[in-house]
$ cat target.cif   # mmCIF, C-alpha atoms
data_start
#
loop_
_atom_site.group_PDB
_atom_site.id
_atom_site.type_symbol
_atom_site.label_atom_id
_atom_site.label_comp_id
_atom_site.auth_asym_id
_atom_site.auth_seq_id
_atom_site.Cartn_x
_atom_site.Cartn_y
_atom_site.Cartn_z
ATOM 1 C CA MET A 1 -11.406 -15.655 0.045
ATOM 2 C CA ARG A 2 -14.673 -14.477 1.553
ATOM 3 C CA MET A 3 -15.812 -11.341 -0.319
ATOM 4 C CA SER A 4 -18.669 -8.911 0.248
ATOM 5 C CA LEU A 5 -19.329 -8.924 -3.506
ATOM 6 C CA THR A 6 -19.014 -11.757 -5.971
ATOM 7 C CA ARG A 7 -16.163 -11.586 -8.450
ATOM 8 C CA GLU A 8 -18.489 -10.416 -11.228
ATOM 9 C CA ARG A 9 -20.217 -7.791 -9.088
ATOM 10 C CA LEU A 10 -16.893 -6.456 -7.797
ATOM 11 C CA LEU A 11 -15.579 -6.112 -11.339
ATOM 12 C CA SER A 12 -18.767 -4.327 -12.466
ATOM 13 C CA TYR A 13 -18.654 -2.117 -9.354
ATOM 14 C CA LEU A 14 -15.088 -1.032 -10.124
ATOM 15 C CA CYS A 15 -15.928 -0.317 -13.751
ATOM 16 C CA ALA A 16 -18.945 1.758 -12.707
ATOM 17 C CA GLN A 17 -16.800 3.818 -10.346
ATOM 18 C CA LEU A 18 -14.166 4.433 -13.010
ATOM 19 C CA ASN A 19 -16.744 5.511 -15.558
ATOM 20 C CA SER A 20 -18.439 7.826 -13.050
ATOM 21 C CA PHE A 21 -15.190 9.518 -12.032
ATOM 22 C CA PHE A 22 -13.760 9.696 -15.566
ATOM 23 C CA PRO A 23 -16.607 10.409 -18.035
ATOM 24 C CA ASP A 24 -14.169 10.986 -20.889
ATOM 25 C CA GLY A 25 -16.025 8.887 -23.465
ATOM 26 C CA SER A 26 -13.577 6.002 -23.080
ATOM 27 C CA LEU A 27 -15.724 3.508 -21.190
ATOM 28 C CA VAL A 28 -14.049 0.934 -18.978
ATOM 29 C CA LYS A 29 -15.769 -2.407 -19.505
ATOM 30 C CA PRO A 30 -15.351 -5.619 -17.505
ATOM 31 C CA GLU A 31 -13.628 -7.301 -20.439
ATOM 32 C CA HIS A 32 -10.840 -4.711 -20.244
ATOM 33 C CA MET A 33 -9.792 -6.209 -16.892
ATOM 34 C CA GLU A 34 -10.932 -9.791 -17.375
ATOM 35 C CA ASN A 35 -7.438 -11.081 -18.169
ATOM 36 C CA SER A 36 -5.991 -9.579 -14.991
ATOM 37 C CA PHE A 37 -8.828 -9.802 -12.488
ATOM 38 C CA ASP A 38 -8.106 -13.272 -11.121
ATOM 39 C CA HIS A 39 -4.465 -12.278 -10.693
ATOM 40 C CA ILE A 40 -5.556 -9.151 -8.820
ATOM 41 C CA LEU A 41 -7.753 -11.167 -6.461
ATOM 42 C CA LYS A 42 -5.007 -13.733 -5.847
ATOM 43 C CA ARG A 43 -2.641 -10.950 -4.819
ATOM 44 C CA VAL A 44 -5.304 -9.468 -2.537
ATOM 45 C CA GLU A 45 -6.079 -12.850 -0.988
ATOM 46 C CA TYR A 46 -2.446 -13.671 -0.299
ATOM 47 C CA CYS A 47 -1.797 -10.269 1.288
ATOM 48 C CA PHE A 48 -4.957 -10.268 3.421
ATOM 49 C CA SER A 49 -4.394 -13.864 4.536
ATOM 50 C CA GLN A 50 -1.191 -12.783 6.304
ATOM 51 C CA VAL A 51 -2.864 -10.074 8.402
ATOM 52 C CA ASN A 52 -3.718 -11.060 11.959
ATOM 53 C CA ASN A 53 -6.887 -8.968 12.186
ATOM 54 C CA LYS A 54 -10.549 -9.947 12.324
ATOM 55 C CA TYR A 55 -11.410 -7.602 9.442
ATOM 56 C CA PHE A 56 -8.836 -9.224 7.157
ATOM 57 C CA ARG A 57 -9.049 -12.852 8.214
ATOM 58 C CA SER A 58 -11.777 -14.999 9.784
ATOM 59 C CA ASP A 59 -12.070 -18.765 10.346
ATOM 60 C CA GLY A 60 -8.820 -19.318 8.504
ATOM 61 C CA LYS A 61 -9.885 -17.411 5.382
ATOM 62 C CA ALA A 62 -9.002 -14.004 4.023
ATOM 63 C CA VAL A 63 -11.876 -11.506 4.142
ATOM 64 C CA PHE A 64 -12.387 -8.653 1.654
ATOM 65 C CA ASN A 65 -15.116 -6.088 2.253
ATOM 66 C CA HIS A 66 -15.384 -3.526 -0.531
ATOM 67 C CA LEU A 67 -16.807 -1.039 2.001
ATOM 68 C CA ASN A 68 -13.739 -1.261 4.240
ATOM 69 C CA GLY A 69 -11.731 1.762 3.100
ATOM 70 C CA ASP A 70 -8.305 0.367 3.995
ATOM 71 C CA GLN A 71 -9.015 -2.888 2.208
ATOM 72 C CA TYR A 72 -10.448 -1.205 -0.857
ATOM 73 C CA ALA A 73 -7.453 1.125 -1.095
ATOM 74 C CA MET A 74 -5.162 -1.918 -1.024
ATOM 75 C CA PHE A 75 -7.307 -3.643 -3.662
ATOM 76 C CA LEU A 76 -7.114 -0.597 -5.929
ATOM 77 C CA TYR A 77 -3.321 -0.506 -5.617
ATOM 78 C CA PHE A 78 -3.129 -4.177 -6.601
ATOM 79 C CA ALA A 79 -5.563 -3.553 -9.471
ATOM 80 C CA ALA A 80 -3.631 -0.611 -10.929
ATOM 81 C CA ASN A 81 -0.255 -2.294 -10.549
ATOM 82 C CA THR A 82 -1.480 -5.602 -11.997
ATOM 83 C CA VAL A 83 -3.210 -4.273 -15.112
ATOM 84 C CA TYR A 84 -0.092 -2.234 -15.809
ATOM 85 C CA LYS A 85 2.302 -5.165 -15.387
ATOM 86 C CA ASP A 86 0.107 -7.796 -17.032
ATOM 87 C CA ASN A 87 -1.099 -5.810 -20.017
ATOM 88 C CA ASN A 88 0.814 -2.510 -20.045
ATOM 89 C CA HIS A 89 -2.612 -0.851 -19.988
ATOM 90 C CA VAL A 90 -1.385 2.605 -18.999
ATOM 91 C CA GLU A 91 -4.680 4.496 -19.344
ATOM 92 C CA LEU A 92 -6.617 1.982 -17.250
ATOM 93 C CA ALA A 93 -3.851 1.767 -14.643
ATOM 94 C CA THR A 94 -3.811 5.565 -14.442
ATOM 95 C CA LYS A 95 -7.558 5.745 -13.892
ATOM 96 C CA ILE A 96 -7.450 3.138 -11.115
ATOM 97 C CA PHE A 97 -4.507 4.918 -9.480
ATOM 98 C CA LEU A 98 -6.395 8.226 -9.601
ATOM 99 C CA LEU A 99 -9.586 6.606 -8.299
ATOM 100 C CA ASN A 100 -7.629 5.415 -5.270
ATOM 101 C CA LYS A 101 -6.255 8.920 -4.803
ATOM 102 C CA TYR A 102 -9.736 10.488 -5.044
ATOM 103 C CA LEU A 103 -11.479 7.969 -2.777
ATOM 104 C CA HIS A 104 -8.833 7.453 -0.104
ATOM 105 C CA GLY A 105 -6.389 10.324 -0.378
ATOM 106 C CA ILE A 106 -3.445 7.983 -0.956
ATOM 107 C CA ASP A 107 -0.903 8.449 -3.725
ATOM 108 C CA VAL A 108 0.737 5.174 -4.805
ATOM 109 C CA PHE A 109 1.557 5.251 -8.508
ATOM 110 C CA TYR A 110 0.867 2.062 -10.442
ATOM 111 C CA GLU A 111 4.571 1.604 -11.230
ATOM 112 C CA VAL A 112 5.541 1.597 -7.538
ATOM 113 C CA GLU A 113 6.318 -1.946 -6.372
ATOM 114 C CA LEU A 114 4.877 -2.428 -2.914
ATOM 115 C CA PRO A 115 5.648 -5.808 -1.324
ATOM 116 C CA ASN A 116 3.348 -8.805 -1.475
ATOM 117 C CA ILE A 117 2.423 -8.355 2.201
ATOM 118 C CA PHE A 118 1.540 -4.900 3.540
ATOM 119 C CA ILE A 119 -1.292 -3.056 5.226
ATOM 120 C CA PHE A 120 -2.706 0.455 4.950
ATOM 121 C CA VAL A 121 -4.123 1.880 8.180
ATOM 122 C CA HIS A 122 -6.508 4.763 7.306
ATOM 123 C CA PRO A 123 -3.783 6.127 4.998
ATOM 124 C CA LEU A 124 -5.158 9.601 4.220
ATOM 125 C CA SER A 125 -2.538 11.936 2.697
ATOM 126 C CA THR A 126 0.063 9.162 2.423
ATOM 127 C CA VAL A 127 2.433 9.274 -0.564
ATOM 128 C CA LEU A 128 4.509 6.179 -1.324
ATOM 129 C CA GLY A 129 7.173 6.688 -3.959
ATOM 130 C CA ARG A 130 9.581 4.393 -5.764
ATOM 131 C CA GLY A 131 11.509 3.014 -2.803
ATOM 132 C CA ASN A 132 12.654 -0.569 -2.409
ATOM 133 C CA TYR A 133 10.013 -2.151 -0.160
ATOM 134 C CA SER A 134 9.987 -5.416 1.793
ATOM 135 C CA ASN A 135 7.214 -7.583 3.240
ATOM 136 C CA TYR A 136 5.279 -6.853 6.434
ATOM 137 C CA PHE A 137 5.081 -3.135 5.730
ATOM 138 C CA VAL A 138 2.627 -1.078 7.820
ATOM 139 C CA VAL A 139 1.831 2.512 6.878
ATOM 140 C CA TYR A 140 -0.500 4.991 8.567
ATOM 141 C CA GLN A 141 -1.841 8.397 7.512
ATOM 142 C CA ARG A 142 0.266 11.325 6.291
ATOM 143 C CA CYS A 143 3.336 9.187 5.629
ATOM 144 C CA ASN A 144 5.806 9.730 2.820
ATOM 145 C CA ILE A 145 8.482 7.673 1.108
ATOM 146 C CA GLY A 146 10.398 9.485 -1.596
ATOM 147 C CA SER A 147 13.643 10.631 -3.111
ATOM 148 C CA ASN A 148 16.290 13.197 -2.302
ATOM 149 C CA HIS A 149 18.604 14.092 -5.182
ATOM 150 C CA ASP A 150 16.940 11.283 -7.151
ATOM 151 C CA ILE A 151 17.994 8.603 -4.645
ATOM 152 C CA TYR A 152 15.259 6.501 -3.039
ATOM 153 C CA PRO A 153 15.324 4.572 0.256
ATOM 154 C CA CYS A 154 15.587 0.826 0.765
ATOM 155 C CA MET A 155 13.445 -0.687 3.543
ATOM 156 C CA GLY A 156 13.762 -4.010 5.344
ATOM 157 C CA GLU A 157 10.978 -6.284 6.559
ATOM 158 C CA ASN A 158 8.623 -5.429 9.422
ATOM 159 C CA LEU A 159 8.736 -1.665 8.967
ATOM 160 C CA ILE A 160 6.033 0.361 10.718
ATOM 161 C CA MET A 161 5.552 4.000 9.713
ATOM 162 C CA HIS A 162 3.435 5.812 12.286
ATOM 163 C CA PRO A 163 1.320 8.868 11.336
ATOM 164 C CA GLY A 164 3.186 11.741 9.762
ATOM 165 C CA SER A 165 6.511 9.937 9.395
ATOM 166 C CA ALA A 166 8.715 10.035 6.308
ATOM 167 C CA ILE A 167 11.721 8.249 4.818
ATOM 168 C CA LEU A 168 13.484 10.247 2.130
ATOM 169 C CA GLY A 169 16.610 9.843 0.087
ATOM 170 C CA ASN A 170 19.617 7.620 0.582
ATOM 171 C CA CYS A 171 18.364 5.533 3.527
ATOM 172 C CA LYS A 172 18.843 1.862 4.276
ATOM 173 C CA VAL A 173 16.389 0.729 6.931
ATOM 174 C CA GLY A 174 17.001 -2.641 8.582
ATOM 175 C CA ASP A 175 14.418 -5.244 9.560
ATOM 176 C CA ASN A 176 12.025 -4.716 12.482
ATOM 177 C CA CYS A 177 12.122 -0.918 12.588
ATOM 178 C CA ARG A 178 9.601 1.752 13.478
ATOM 179 C CA LEU A 179 9.372 5.447 12.752
ATOM 180 C CA ALA A 180 7.624 7.402 15.483
ATOM 181 C CA THR A 181 4.799 9.819 14.729
ATOM 182 C CA GLY A 182 6.025 12.912 12.889
ATOM 183 C CA SER A 183 9.575 11.638 12.416
ATOM 184 C CA LEU A 184 11.753 12.286 9.354
ATOM 185 C CA LEU A 185 14.555 9.945 8.328
ATOM 186 C CA LEU A 186 16.646 11.708 5.680
ATOM 187 C CA ASP A 187 19.752 10.306 3.940
ATOM 188 C CA MET A 188 20.560 8.135 6.941
ATOM 189 C CA ASP A 189 20.748 4.401 7.631
ATOM 190 C CA LEU A 190 18.785 2.794 10.453
ATOM 191 C CA GLU A 191 19.973 -0.442 12.016
ATOM 192 C CA GLU A 192 17.605 -3.349 12.470
ATOM 193 C CA ASN A 193 15.418 -3.492 15.589
ATOM 194 C CA SER A 194 15.376 0.302 15.956
ATOM 195 C CA ILE A 195 12.788 2.938 16.764
ATOM 196 C CA TYR A 196 13.627 6.295 15.203
ATOM 197 C CA ILE A 197 12.203 9.426 16.847
ATOM 198 C CA GLY A 198 12.756 12.972 15.583
ATOM 199 C CA ASN A 199 14.315 14.613 12.538
ATOM 200 C CA PRO A 200 17.813 15.149 11.127
ATOM 201 C CA SER A 201 18.567 18.049 13.465
ATOM 202 C CA ASN A 202 17.192 16.445 16.627
ATOM 203 C CA TYR A 203 16.664 12.714 16.875
ATOM 204 C CA PHE A 204 17.328 9.683 19.023
ATOM 205 C CA ILE A 205 17.102 5.962 18.406
ATOM 206 C CA LYS A 206 15.737 3.381 20.812
ATOM 207 C CA LYS A 207 16.123 -0.352 20.703
ATOM 208 C CA ALA A 208 12.869 -1.887 19.527
ATOM 209 C CA GLU A 209 11.193 -4.448 21.703
ATOM 210 C CA ALA A 210 8.819 -7.006 20.181
ATOM 211 C CA LEU A 211 6.774 -5.445 17.407
ATOM 212 C CA PRO A 212 2.952 -5.650 17.446
ATOM 213 C CA ASN A 213 1.728 -9.080 16.434
ATOM 214 C CA ILE A 214 -0.243 -8.053 13.369
ATOM 215 C CA TRP A 215 1.114 -10.745 11.038
ATOM 216 C CA LEU A 216 0.510 -14.463 10.918
#

$ encode --input "target.cif" --output "structure tokens"
Amino acid sequence: MRMSLTRERLLSYLCAQLNSFFPDGSLVKPEHMENSFDHILKRVEYCFSQVNNKYFRSDGKAVFNHLNGDQYAMFLYFAANTVYKDNNHVELATKIFLLNKYLHGIDVFYEVELPNIFIFVHPLSTVLGRGNYSNYFVVYQRCNIGSNHDIYPCMGENLIMHPGSAILGNCKVGDNCRLATGSLLLDMDLEENSIYIGNPSNYFIKKAEALPNIWL
């Protein structure tokens, strides 16, 4: 993977950010993430390598620029989730999760299991809860996935959530679906190859044509 910072500099950069944002006397040192960092980067590389976009892939290689906000937000999700799963390091995972929230305005808790292949598109004010996610997930700004009566949705592959859309509660979303801008899917199933437009009191569903070719 082609990176804007070397592995060592990226690790030091992340530690410096965490210590600046959380000056609680409990310093985060590179060795605290050393056991997980290669795993984090492998997850980032695999995800980015599937994105058909010049900022994520060039000359057959994944590209990671720490100054690309979408990419860095995805990296921070992988970092928080990985240190939690690999080492059960709750305090460190919490700090990385909060750093992502402070820097990018996205709320994805470290216990949430996003798929191996996804992309954030300037995801300000997006909240992704404990749904059942599948690969090729695209999410824009102001989106929400969450529960209703403690039941979370289940999403198929190739889901695109346009700005301001939400999926809440007991929903089963098939493959190759899109939610239009500002739409709310609540306690309702959506068949594959569908475009959902509206809200529970006023909605219609269109048959989806070919989805944008953003994946390899």

$ residues_around --input "target.cif" --residues "range 147-160 of chain A" --least-positions-apart "4" --cutoff "9 Å" --atoms "all atoms listed in the file" --output "count of residues only"
30

$ closest_residue --input "target.cif" --among "A:Asn68, A:Asn144, A:Arg2, A:Thr82" --to "Glu34 in chain A" --atoms "only C-alpha atoms"
A:Thr82

$ residues_around --input "target.cif" --residues "range 12-14 of chain A" --least-positions-apart "3" --cutoff "8 Å" --atoms "only C-alpha atoms" --output "compact mmCIF listing (two decimals) with C-alpha atoms, in the coordinates of the input"
# COMPACT_ATOMS: atom_id res chain seq x y z
CA GLU A 8 -18.49 -10.42 -11.23
CA ARG A 9 -20.22 -7.79 -9.09
CA GLN A 17 -16.80 3.82 -10.35
CA LEU A 18 -14.17 4.43 -13.01
CA LYS A 29 -15.77 -2.41 -19.50
CA PRO A 30 -15.35 -5.62 -17.50

$ axis_aligned_box --input "target.cif" --around "range 100-108 of chain A" --padding-each-side "5 Å" --output "lines of an AutoDock Vina configuration file"
center_x = -5.4
center_y = 7.8
center_z = -2.7
size_x = 22.2
size_y = 15.3
size_z = 15.2

$ atom_distance --input "target.cif" --atom1 "CA of Tyr110 in chain A" --atom2 "CA of Leu128 in chain A"
10.6 Å

$ atom_distance --input "target.cif" --atom1 "CA of His104 in chain A" --atom2 "CA of Asn87 in chain A"
25.1 Å

$ residues_around --input "target.cif" --residues "Leu11 in chain A" --least-positions-apart "5" --cutoff "12 Å" --atoms "only C-alpha atoms" --output "number ranges by chain"
A: 5-6, 16-18, 28-38, 40-41, 66, 75-76, 79

$ resolve_selection --input "target.cif" --expression "the PyMOL selection byres ((chain A and resi 95) around 10)" --output "list in words"
Leu18, Asn19, Phe21, Phe22, Val28, Ala80, Val90, Glu91, Leu92, Ala93, Thr94, Ile96, Phe97, Leu98, Leu99, Asn100, Lys101 and Tyr110 of chain A

$ resolve_selection --input "target.cif" --expression "the PyMOL selection byres ((chain A and resi 207) around 7)" --output "PyMOL selection string"
chain A and resi 193-195+205-206+208-209

$ write_last_selection --input "target.cif" --atoms "C-alpha atoms" --output "PDB file, keeping the file's coordinate frame"
ATOM      1  CA  ASN A 193      15.418  -3.492  15.589  1.00  0.00           C
ATOM      2  CA  SER A 194      15.376   0.302  15.956  1.00  0.00           C
ATOM      3  CA  ILE A 195      12.788   2.938  16.764  1.00  0.00           C
ATOM      4  CA  ILE A 205      17.102   5.962  18.406  1.00  0.00           C
ATOM      5  CA  LYS A 206      15.737   3.381  20.812  1.00  0.00           C
ATOM      6  CA  ALA A 208      12.869  -1.887  19.527  1.00  0.00           C
ATOM      7  CA  GLU A 209      11.193  -4.448  21.703  1.00  0.00           C
TER       8      GLU A 209
END

$ atom_distance --input "target.cif" --atom1 "CA of Met3 in chain A" --atom2 "CA of Lys85 in chain A"
24.4 Å

$ resolve_selection --input "target.cif" --expression "the PyMOL selection byres ((chain A and resi 65) around 12)" --output "PyMOL selection string"
chain A and resi 1-6+10+44-45+48+54-57+62-64+66-75

$ closest_residue --input "target.cif" --among "A:His89, A:Val121, A:Ala210, A:Gly146" --to "Val108 in chain A" --atoms "all atoms listed in the file"
A:Gly146
